[in-house]
Amino acid sequence: RFGGKSWSYSELREAVGRAAVHLSNDRRAGRTGILSANRAGVVIAAHACARAGAAFVPHGSRFTADELAWQVTAAGVTTLVYDEPRTDLALDLASKLDLRLIPMSEIEEPAPEPVNTTRTPLIDLDREAAILFTSGTTGRPKGARITYGNLWYSAAGSALFLGHQPGDAWLATLSLHHIGGLSILYRAALGGATVDLHERFEPEAVIAAIESGAAYVSLVPTMLQRVLDVTGTHFVWPPTLRGVLLGGAATPVALIEQCLRLGVPILPTYGLTESSSQAATLRASEVAGHLGSSGKALPLTEIRIMANGIELDPGETGEIEVRGPSVFAGYLGESLREPLQWFGTGDAGYLDDQGFLYVVDRRSDL
């Protein structure tokens with residue numbers, strides 16, 4: 001659902017098939033960039049790239065021309081899908097970098113060619129699906145190579161942990177150029193759930209969606225605080241809401257305690273681009289007994305704490321390492337990682353004697 005319109009999965013499948021025709025016609029060898037705010041066309045384009053055999057690179061809609069040019073060049077983007085507000089930026093880029101441009105309207109509107117949607121080709125799980133850039137603060141971001149296997153196993157681990165159901169609606173207000181927003185598309189597709197996509201975060205719109213029956217919503221702590229500032233103490237949180245996933249930053253203990261008082265079913269989460277979103281999540285029923293924890297490793301994912309090449313005992317703080325089929329293939333310009341190799345996140349934390357993860361500090365070099 002987006003902007004007052006809705007698509008069944010059958011309708012989405014047809015739209016994806018037609019969009020793939022646009023992407024395949026005279027497509028140059030390279031990746032497809034998607035420069036857009038959240039909108040239905042981004043969902044269609046991402047799935048259409050899988051059908052067309054092109055890895056995609058979602059770009060932030062607020063990037064400057066210099067930031068975008070660097071990402072496009074670093075990722076080897078040769079085709080750029082863009083929305084109308086970013087037309088001038090796309091045209092300027094194309095003049096400098098010789099890009100093939102596709103307006104988002106051509107992705108969202110049916111192609112004239114007939115498309116056979118009765119059979120869908122199998123997707124090689126080892127194939128590169130997307131390049132997602134980490135959030136650089138002190139230096140250039142790194143381009144993480146995410147495979148279809150990474151996305152599949154991330155969605156499967158989330159489904160096994162949370163129990164996705166076809167009747168669920170997942171509220172998506174995070175930008176789809178971040179793994180936290182993008183991963184919702186694959187979780188929903190795996191379980192046949194509804195994606196309730198919003199162009200931007202607005203507390204009132206989030207509250208309305210929750211009242212309308214959203215089962216899950218993904219937020220960062222500051223977003224949730226803004227929602228609570230609007231709802232106050234008298235809002236009745238509906239039982240249809242099974243979880244508010246909180247990630248992207250440490251959740252203040254004061255916010256956790258406020259949620260416990262108000263009956264908000266929060267699910268503190270630890271994840272990163274390189275783990276294709278969730279790596280650990282705390283169940284709502286466990287929050288009161290494990291304040292400050294990000295929960296246990298999701299199914300199919302392992303977490304350990306290391307220092308100087310030695311795995312630490314429970315309670316000892318060191319570097320958080322993750323392993324599993326959802327962990328990325330490697331960074332652009334570097335050698336591919338071995339499957340199921342441990343990845344050092346650079347984050348500091350510890351595991352308690354029950355396996356609950358506590359993040360002490362996020363990495364400082366990115």
# chains A, B, ... in the order shown; residues from 1 in each chain; ligands from 1
$ select_by_dssp --residues "range 72-221 of chain A" --states "alpha helix (DSSP H)" --output "PyMOL selection string"
chain A and resi 72-75+87-97+104-108+148-162+179-191+203-211+221
$ residues_around --residues "Trp152 in chain A" --least-positions-apart "3" --cutoff "9 Å" --atoms "only C-alpha atoms" --output "ChimeraX atom specification"
/A:125,147-149,155-157,186-187,190,325-326
$ select_by_dssp --residues "range 4-175 of chain A" --states "strand (DSSP E)" --output "count of residues only"
34
$ closest_atom_pairs --of "range 170-235 of chain A" --to "range 48-71 of chain A" --cutoff "12 Å" --atoms "only C-alpha atoms" --output "JSON lines"
{"residue": "A:Leu174", "atom": "CA", "partner": "A:Gly60", "partner_atom": "CA", "distance": 11.3}
{"residue": "A:Ser175", "atom": "CA", "partner": "A:Gly60", "partner_atom": "CA", "distance": 7.7}
{"residue": "A:Leu176", "atom": "CA", "partner": "A:Pro58", "partner_atom": "CA", "distance": 7.3}
{"residue": "A:His177", "atom": "CA", "partner": "A:Pro58", "partner_atom": "CA", "distance": 4.7}
{"residue": "A:His178", "atom": "CA", "partner": "A:Pro58", "partner_atom": "CA", "distance": 7.9}
{"residue": "A:Ile179", "atom": "CA", "partner": "A:Pro58", "partner_atom": "CA", "distance": 9.8}
{"residue": "A:Gly181", "atom": "CA", "partner": "A:Pro58", "partner_atom": "CA", "distance": 11.0}
{"residue": "A:Leu182", "atom": "CA", "partner": "A:Pro58", "partner_atom": "CA", "distance": 9.1}
{"residue": "A:Glu199", "atom": "CA", "partner": "A:Ser61", "partner_atom": "CA", "distance": 10.9}
{"residue": "A:Arg200", "atom": "CA", "partner": "A:Ser61", "partner_atom": "CA", "distance": 11.0}
$ residues_around --residues "range 274-277 of chain A" --least-positions-apart "2" --cutoff "7 Å" --atoms "only C-alpha atoms" --output "mmCIF file with N, CA, C and O atoms, in the first residue's frame"
data_model
loop_
_atom_site.group_PDB
_atom_site.id
_atom_site.type_symbol
_atom_site.label_atom_id
_atom_site.label_comp_id
_atom_site.auth_asym_id
_atom_site.auth_seq_id
_atom_site.Cartn_x
_atom_site.Cartn_y
_atom_site.Cartn_z
ATOM 1 N N ALA A 144 28.526 -2.339 0.613
ATOM 2 C CA ALA A 144 28.394 -3.739 1.014
ATOM 3 C C ALA A 144 27.659 -4.508 -0.079
ATOM 4 O O ALA A 144 26.587 -4.104 -0.524
ATOM 5 N N ASN A 150 21.628 -13.659 1.013
ATOM 6 C CA ASN A 150 21.622 -12.842 2.229
ATOM 7 C C ASN A 150 20.218 -12.336 2.548
ATOM 8 O O ASN A 150 19.754 -12.416 3.689
ATOM 9 N N LEU A 151 19.532 -11.817 1.535
ATOM 10 C CA LEU A 151 18.184 -11.287 1.737
ATOM 11 C C LEU A 151 17.206 -12.395 2.109
ATOM 12 O O LEU A 151 16.343 -12.215 2.979
ATOM 13 N N SER A 154 17.973 -13.673 5.709
ATOM 14 C CA SER A 154 17.602 -12.634 6.670
ATOM 15 C C SER A 154 16.090 -12.626 6.871
ATOM 16 O O SER A 154 15.599 -12.574 8.010
ATOM 17 N N ILE A 179 19.201 -0.626 4.812
ATOM 18 C CA ILE A 179 18.837 -2.037 4.944
ATOM 19 C C ILE A 179 17.629 -2.208 5.873
ATOM 20 O O ILE A 179 16.820 -3.112 5.682
ATOM 21 N N GLY A 180 17.485 -1.335 6.861
ATOM 22 C CA GLY A 180 16.351 -1.441 7.771
ATOM 23 C C GLY A 180 15.018 -1.273 7.073
ATOM 24 O O GLY A 180 14.029 -1.910 7.453
ATOM 25 N N SER A 183 14.855 -4.292 3.864
ATOM 26 C CA SER A 183 14.624 -5.679 4.279
ATOM 27 C C SER A 183 13.150 -5.983 4.504
ATOM 28 O O SER A 183 12.734 -7.143 4.406
ATOM 29 N N GLY A 271 21.419 -4.874 14.534
ATOM 30 C CA GLY A 271 21.632 -5.274 13.151
ATOM 31 C C GLY A 271 22.513 -4.268 12.459
ATOM 32 O O GLY A 271 22.816 -3.200 13.000
ATOM 33 N N LEU A 272 22.923 -4.592 11.269
ATOM 34 C CA LEU A 272 23.775 -3.699 10.490
ATOM 35 C C LEU A 272 23.643 -4.066 9.020
ATOM 36 O O LEU A 272 23.111 -5.135 8.676
ATOM 37 N N ALA A 279 20.303 -9.020 13.353
ATOM 38 C CA ALA A 279 21.206 -10.094 13.774
ATOM 39 C C ALA A 279 20.755 -10.648 15.120
ATOM 40 O O ALA A 279 20.887 -11.832 15.393
ATOM 41 N N SER A 326 23.078 -14.807 6.259
ATOM 42 C CA SER A 326 22.604 -13.453 5.949
ATOM 43 C C SER A 326 23.744 -12.435 5.960
ATOM 44 O O SER A 326 23.539 -11.270 5.604
ATOM 45 N N VAL A 327 24.951 -12.855 6.352
ATOM 46 C CA VAL A 327 26.089 -11.930 6.401
ATOM 47 C C VAL A 327 26.637 -11.706 4.992
ATOM 48 O O VAL A 327 26.824 -12.651 4.228
ATOM 49 N N PHE A 328 26.889 -10.465 4.657
ATOM 50 C CA PHE A 328 27.186 -10.026 3.300
ATOM 51 C C PHE A 328 28.384 -10.717 2.668
ATOM 52 O O PHE A 328 29.180 -11.382 3.337
#
$ residues_around --residues "Asp352 in chain A" --least-positions-apart "4" --cutoff "7 Å" --atoms "only C-alpha atoms" --output "list in words"
Pro314, Gly315, Phe356 and Leu357 of chain A
$ closest_residue --among "A:Arg86, A:His22, A:Arg145, A:Arg127" --to "Gly333 in chain A" --atoms "only C-alpha atoms"
A:Arg145
$ atom_distance --atom1 "CA of Ile34 in chain A" --atom2 "CA of Glu338 in chain A"
28.5 Å
